[in-house]
Amino acid sequence: MTQIELPTVLPTGELRFPAGFVWGAATASYQIEGAVDEDGRTPSIWDTFSRRPGAIVDGDTGDVACEHYRRMPQDVALMKELGLGSYRFSVAWPRVRPDGGAVNQAGLDFYQRLVDELLAADIQPWVTLYHWDLPQALEDAGGWTNRDTAYRFLDFALSVYDAVGDRVPTMTTLNEPWCSAFQGYTGGQHAPGRQEGAAGLVAAHHLLLAHGLVVQAIRELDTHIDLGITLNLTVADPFDPTNPADLDAARRIDGLHNRVFLDPVLRGSYPADVLEDTAALTFGGLPWHEVVRDGDLAVISSPIDVLGVNYYHGDAVSGRPQPAPAHNGVRHPTQSVVTPYLDDRIVFPPRGLPLTGLGWEVQPEGLTRLLVRLRDDYAPPPMYVTENGAAYPDVLVDGAVEDPERRDYIDAHLRAVHVALAAGVDVRGFYQWSLLDNFEWAFGYGQRFGIVYVDYATQARIPKASARYYARVARTGVVPGDPEEVG
Ligand code: FCB
């Protein structure tokens with residue numbers, strides 16, 4: 001529980017961040033690289049899934065994306081121009097170990113060059129080992145529902161560590177295992193698009209095992225590099241805090257979204273209520289939790305040095321039927337999906353908050369509450385906001401993109417982080433999602449999250465007004481009193 005009184009209104013005026021606070025931006029391999037069959041790369045589950053009819057809006061794929069694989073030096077130069085202190089990127093597993101097999105030097109070379117280029121530009125690399133592009137060959141062998149995948153991940157991680165570990169201050173294992181597990185194996189919204197109920201829980205356990213194995217193995221080799229994981233966490237508020245069904249639904253969402261990952265990593269156990277709620281779910285004819293073997297939780301809870309927190313919005317949660325929200329005009333994939341939450345009575349009624357272009361609620365105060373709660377409940381290692389950002393329908397007019405909504409979104413969330421800092425929470429940095437407009441998974445290229453606009457016809461990069469704003473914050477460490485003053 002929160003020990004302090006948090007302001008309910010975000011502070012106004014100029015806000016100074018601590019010296020050394022890291023200002024960065026993030027991307028992910030499949031979302032920007034393109035070049036899907038170059039230099040020995042073989043298909044990932046996203047190459048396969050994006051070809052499934054109806055899975056992605058407009059049938060978009062990552063085949064070309066932002067052509068970052070070819071344009072990497074210019075993209076690093078752009079980061080330099082924007083004054084970024086750090087760049088969080090992910091490594092494509094099927095480039096480095098095609099089909100999950102032997103090392104492909106040409107694939108590793110790309111990341112060596114990227115790290116060298118970043119360091120030469122005085123930008124600290126933050127490596128994410130897994131941002132969802134599992135080699136398809138491993139999925140064909142069961143993917144994350146197969147325990148062996150965790151050991152293949154260890155092989156992959158060690159080859160990346162061998163190549164760049166000496167020059168990279170921070171290496172995190174997984175990005176948002178909730179999405180990989182529950183959207184990938186239970187709901188089917190994401191690759192590999194399986195809809196198998198308890199498979200999400202099984203996948204979550206093997207992802208966590210993969211994380212722990214890598215932390216343990218790299219820690220033995222290296223006591224300097226910071227190791228950790230990035231979780232996407234929510235703030236689950238009961239829609240009606242006096243209604244028992246809503247309270248229970250909020251508890252379940254906190255369990256299945258947050259605690260099912262936080263507890264094993266930071267406490268070495270699965271939450272008892274989640275185990276109880278899911279006790280009857282079977283995988284391969286056995287209770288799902290039989291995949292948890294003796295010793296796994298000790299591996300999973302190997303000490304970490306950093307916790308990455310991805311936050312976009314919290315959720316009001318109800319356990320009762322609610323009127324369907326008004327259609328907000330967002331185009332969704334046409335394939336049929338099921339709830340990733342293992343219980344279709346749970347719904348997320350809108351609260352009348354402003355919405356982003358993707359229909360996500362804008363709820364900056366949730367970020368303060370999340371960071372304070374993590375500190376109070378888990379005593380985590382230093383935290384970094386490894387993703388936060390918003391999609392809006394940007395338009396290029398006379399060579400420029402004015403995106404005041406995104407600028408204000410960033411401004412509000414930075415203020416929310418500042419409140420947490422003032423409450424004594426150890427937050428060390430902030431990564432904007434995203435550097436570039438890119439392939440937004442099931443939503444394809446129609447949803448633009450970049451602070452830099454990408455003209456996909458020409459691959460031109462055009463910094464938006466929000467990039468000018470963020471660059472100023474990154475250079476000064478100060479959130480200006482009036483975001484509009486940054487022209
Ligand atoms: C997160 C993902 C990231 C991006 C943002 C909008 O869930 O980690 O790749 O798609 O959402």
# chains A, B, ... in the order shown; residues from 1 in each chain; ligands from 1

call {"tool": "residues_around", "arguments": {"residues": "A:Lys80", "least_positions_apart": "6", "cutoff": "12 Å", "atoms": "only C-alpha atoms", "output": "NGL selection string"}}
result
:A and (23-25 or 73-74 or 86-87 or 117-124 or 435 or 471 or 474-475)

call {"tool": "write_last_selection", "arguments": {"atoms": "N, CA, C and O atoms", "output": "compact mmCIF listing (two decimals), in the first residue's frame"}}
result
# COMPACT_ATOMS: atom_id res chain seq x y z
N TRP A 23 18.13 9.65 -20.54
CA TRP A 23 17.06 9.96 -21.51
C TRP A 23 17.29 9.14 -22.76
O TRP A 23 18.33 9.29 -23.41
N GLY A 24 16.34 8.28 -23.07
CA GLY A 24 16.55 7.41 -24.21
C GLY A 24 15.32 7.25 -25.08
O GLY A 24 14.28 7.87 -24.85
N ALA A 25 15.48 6.42 -26.08
CA ALA A 25 14.35 6.02 -26.91
C ALA A 25 14.52 4.54 -27.21
O ALA A 25 15.63 4.01 -27.16
N PRO A 73 23.41 3.40 -39.62
CA PRO A 73 24.30 4.52 -39.26
C PRO A 73 23.58 5.87 -39.27
O PRO A 73 23.78 6.70 -38.38
N GLN A 74 22.70 6.07 -40.26
CA GLN A 74 21.95 7.34 -40.29
C GLN A 74 21.00 7.44 -39.10
O GLN A 74 20.79 8.52 -38.56
N SER A 86 20.82 7.34 -24.46
CA SER A 86 20.80 5.88 -24.50
C SER A 86 19.80 5.43 -25.57
O SER A 86 18.84 6.13 -25.88
N TYR A 87 20.07 4.24 -26.10
CA TYR A 87 19.18 3.66 -27.11
C TYR A 87 18.90 2.22 -26.71
O TYR A 87 19.82 1.42 -26.52
N GLU A 117 28.74 1.89 -33.35
CA GLU A 117 28.24 3.18 -33.85
C GLU A 117 27.65 4.00 -32.69
O GLU A 117 27.88 5.20 -32.60
N LEU A 118 26.92 3.33 -31.82
CA LEU A 118 26.31 4.03 -30.68
C LEU A 118 27.40 4.58 -29.76
O LEU A 118 27.37 5.75 -29.36
N LEU A 119 28.37 3.74 -29.44
CA LEU A 119 29.41 4.18 -28.50
C LEU A 119 30.20 5.33 -29.10
O LEU A 119 30.54 6.29 -28.40
N ALA A 120 30.45 5.27 -30.41
CA ALA A 120 31.18 6.37 -31.06
C ALA A 120 30.37 7.66 -30.97
O ALA A 120 30.94 8.75 -30.95
N ALA A 121 29.06 7.54 -30.91
CA ALA A 121 28.19 8.72 -30.82
C ALA A 121 27.90 9.08 -29.36
O ALA A 121 27.08 9.96 -29.08
N ASP A 122 28.54 8.37 -28.45
CA ASP A 122 28.35 8.62 -27.02
C ASP A 122 26.91 8.34 -26.56
O ASP A 122 26.34 9.05 -25.75
N ILE A 123 26.34 7.30 -27.14
CA ILE A 123 24.99 6.87 -26.76
C ILE A 123 25.11 5.48 -26.15
O ILE A 123 25.69 4.57 -26.76
N GLN A 124 24.59 5.32 -24.94
CA GLN A 124 24.74 4.04 -24.24
C GLN A 124 23.76 3.01 -24.80
O GLN A 124 22.55 3.25 -24.81
N LEU A 435 11.48 5.62 -31.03
CA LEU A 435 12.29 6.55 -31.82
C LEU A 435 11.59 6.81 -33.16
O LEU A 435 11.42 7.96 -33.56
N ALA A 471 14.01 16.20 -27.30
CA ALA A 471 15.44 16.50 -27.43
C ALA A 471 15.84 17.59 -26.44
O ALA A 471 16.88 17.52 -25.80
N ALA A 474 15.98 16.02 -23.06
CA ALA A 474 17.16 15.15 -22.95
C ALA A 474 18.44 15.98 -22.78
O ALA A 474 19.34 15.60 -22.03
N ARG A 475 18.52 17.10 -23.47
CA ARG A 475 19.74 17.93 -23.39
C ARG A 475 19.87 18.64 -22.07
O ARG A 475 20.96 18.82 -21.55

call {"tool": "closest_atom_pairs", "arguments": {"of": "chain A", "to": "ligand 1", "cutoff": "7 Å", "atoms": "only C-alpha atoms and all ligand atoms", "output": "Markdown table"}}
result
| residue | atom | partner | partner_atom_place_in_ligand_line | distance |
| --- | --- | --- | --- | --- |
| A:Thr27 | CA | ligand 1 | 9 (O) | 7.0 |
| A:Ala28 | CA | ligand 1 | 9 (O) | 6.1 |
| A:Asn175 | CA | ligand 1 | 8 (O) | 6.2 |
| A:Glu176 | CA | ligand 1 | 8 (O) | 6.1 |
| A:Asn232 | CA | ligand 1 | 7 (O) | 6.9 |
| A:Trp433 | CA | ligand 1 | 5 (C) | 6.6 |
| A:Glu440 | CA | ligand 1 | 10 (O) | 5.2 |
| A:Trp441 | CA | ligand 1 | 10 (O) | 6.2 |
| A:Phe449 | CA | ligand 1 | 6 (C) | 6.8 |

call {"tool": "residues_around", "arguments": {"residues": "stretch 401-416 of chain A", "least_positions_apart": "2", "cutoff": "6 Å", "atoms": "only C-alpha atoms", "output": "ChimeraX atom specification"}}
result
/A:364-365,368,395-396,418-419,464-466

call {"tool": "residues_around", "arguments": {"residues": "stretch 197-206 of chain A", "least_positions_apart": "4", "cutoff": "6 Å", "atoms": "only C-alpha atoms", "output": "list of chain:residue names"}}
result
A:Trp144, A:Thr145, A:Arg147, A:Ala150, A:Ala181, A:Phe182, A:Tyr185, A:Thr186, A:Leu281, A:Phe283

call {"tool": "select_by_dssp", "arguments": {"residues": "stretch 70-276 of chain A", "states": "alpha helix (DSSP H)", "output": "ChimeraX atom specification"}}
result
/A:70-81,93-96,105-120,136-140,148-164,177-178,199-221,244-253,260-267,272-276

call {"tool": "closest_residue", "arguments": {"among": "A:Leu108, A:Leu275, A:Ala400, A:Val385", "to": "A:Phe156", "atoms": "only C-alpha atoms"}}
result
A:Leu108

call {"tool": "select_by_dssp", "arguments": {"residues": "stretch 84-138 of chain A", "states": "strand (DSSP E or B)", "output": "PyMOL selection string"}}
result
chain A and resi 86-90+124-130+135

call {"tool": "write_last_selection", "arguments": {"atoms": "N, CA and C atoms", "output": "JSON list (two decimals), in the first residue's frame"}}
result
[["chain", "number", "residue", "atom", "x", "y", "z"],
["A", 86, "SER", "N", 20.82, 7.34, -24.46],
["A", 86, "SER", "CA", 20.80, 5.88, -24.50],
["A", 86, "SER", "C", 19.80, 5.43, -25.57],
["A", 87, "TYR", "N", 20.07, 4.24, -26.10],
["A", 87, "TYR", "CA", 19.18, 3.66, -27.11],
["A", 87, "TYR", "C", 18.90, 2.22, -26.71],
["A", 88, "ARG", "N", 17.62, 1.91, -26.57],
["A", 88, "ARG", "CA", 17.19, 0.54, -26.21],
["A", 88, "ARG", "C", 16.72, -0.14, -27.48],
["A", 89, "PHE", "N", 17.43, -1.20, -27.87],
["A", 89, "PHE", "CA", 17.06, -1.93, -29.09],
["A", 89, "PHE", "C", 17.03, -3.42, -28.76],
["A", 90, "SER", "N", 16.42, -4.20, -29.65],
["A", 90, "SER", "CA", 16.42, -5.64, -29.40],
["A", 90, "SER", "C", 17.17, -6.36, -30.51],
["A", 124, "GLN", "N", 24.59, 5.32, -24.94],
["A", 124, "GLN", "CA", 24.74, 4.04, -24.24],
["A", 124, "GLN", "C", 23.76, 3.01, -24.80],
["A", 125, "PRO", "N", 24.27, 1.85, -25.23],
["A", 125, "PRO", "CA", 23.36, 0.81, -25.72],
["A", 125, "PRO", "C", 22.67, 0.07, -24.56],
["A", 126, "TRP", "N", 21.37, -0.12, -24.70],
["A", 126, "TRP", "CA", 20.60, -0.95, -23.75],
["A", 126, "TRP", "C", 20.04, -2.09, -24.62],
["A", 127, "VAL", "N", 20.53, -3.30, -24.36],
["A", 127, "VAL", "CA", 20.16, -4.44, -25.21],
["A", 127, "VAL", "C", 18.98, -5.19, -24.60],
["A", 128, "THR", "N", 17.94, -5.40, -25.40],
["A", 128, "THR", "CA", 16.88, -6.33, -25.04],
["A", 128, "THR", "C", 17.12, -7.59, -25.86],
["A", 129, "LEU", "N", 17.24, -8.72, -25.20],
["A", 129, "LEU", "CA", 17.54, -9.95, -25.96],
["A", 129, "LEU", "C", 16.32, -10.46, -26.72],
["A", 130, "TYR", "N", 15.15, -10.33, -26.12],
["A", 130, "TYR", "CA", 13.97, -10.92, -26.78],
["A", 130, "TYR", "C", 12.81, -9.95, -26.81],
["A", 135, "PRO", "N", 12.53, -17.70, -33.36],
["A", 135, "PRO", "CA", 12.67, -18.42, -34.64],
["A", 135, "PRO", "C", 11.48, -19.37, -34.86]]

call {"tool": "residues_around", "arguments": {"residues": "A:Ala316", "least_positions_apart": "6", "cutoff": "7 Å", "atoms": "only C-alpha atoms", "output": "VMD selection string"}}
result
chain A and resid 236 to 239 348 to 349

call {"tool": "write_last_selection", "arguments": {"atoms": "C-alpha atoms", "output": "compact mmCIF listing (two decimals), in the first residue's frame"}}
result
# COMPACT_ATOMS: atom_id res chain seq x y z
CA ALA A 236 -5.82 -2.40 -12.06
CA ASP A 237 -8.53 -0.33 -10.42
CA PRO A 238 -11.94 -1.88 -9.69
CA PHE A 239 -14.46 -0.08 -11.90
CA PHE A 348 -12.33 -3.00 -19.07
CA PRO A 349 -14.98 -0.28 -19.14

call {"tool": "closest_residue", "arguments": {"among": "A:Ile462, A:Gly212, A:Pro480, A:Gly366", "to": "A:Val9", "atoms": "only C-alpha atoms"}}
result
A:Gly366

call {"tool": "residues_around", "arguments": {"residues": "A:Thr458", "least_positions_apart": "3", "cutoff": "12 Å", "atoms": "only C-alpha atoms", "output": "PyMOL selection string"}}
result
chain A and resi 64-67+453-455+461-462

call {"tool": "write_last_selection", "arguments": {"atoms": "C-alpha atoms", "output": "compact mmCIF listing (two decimals), in the first residue's frame"}}
result
# COMPACT_ATOMS: atom_id res chain seq x y z
CA VAL A 64 10.64 -3.84 -45.16
CA ALA A 65 9.61 -1.88 -42.05
CA CYS A 66 11.93 1.14 -41.60
CA GLU A 67 14.84 -0.49 -43.44
CA TYR A 453 7.95 10.33 -38.61
CA VAL A 454 8.81 7.71 -41.21
CA ASP A 455 7.62 8.34 -44.74
CA ARG A 461 12.94 10.32 -41.31
CA ILE A 462 11.26 13.55 -40.20

call {"tool": "residues_around", "arguments": {"residues": "A:Glu276", "least_positions_apart": "6", "cutoff": "12 Å", "atoms": "only C-alpha atoms", "output": "list in words"}}
result
Arg252, Gly255, Leu256, Tyr270, Pro287, Trp288 and His289 of chain A

call {"tool": "closest_residue", "arguments": {"among": "A:Ile225, A:Ala460, A:Leu421, A:Val372", "to": "A:Gly399", "atoms": "only C-alpha atoms"}}
result
A:Ala460

call {"tool": "closest_atom_pairs", "arguments": {"of": "stretch 420-445 of chain A", "to": "stretch 13-18 of chain A", "cutoff": "10 Å", "atoms": "only C-alpha atoms", "output": "Markdown table"}}
result
| residue | atom | partner | partner_atom | distance |
| --- | --- | --- | --- | --- |
| A:Leu421 | CA | A:Phe17 | CA | 8.6 |
| A:Ala422 | CA | A:Phe17 | CA | 9.8 |
| A:Val427 | CA | A:Pro18 | CA | 9.8 |
| A:Arg428 | CA | A:Pro18 | CA | 8.6 |
| A:Gly429 | CA | A:Phe17 | CA | 9.6 |

call {"tool": "closest_residue", "arguments": {"among": "A:Phe261, A:Tyr341, A:Tyr431, A:Phe443", "to": "A:Tyr311", "atoms": "only C-alpha atoms"}}
result
A:Tyr431

call {"tool": "closest_residue", "arguments": {"among": "A:Leu307, A:Leu134, A:Ala442, A:Ile346", "to": "A:Asp60", "atoms": "only C-alpha atoms"}}
result
A:Ala442
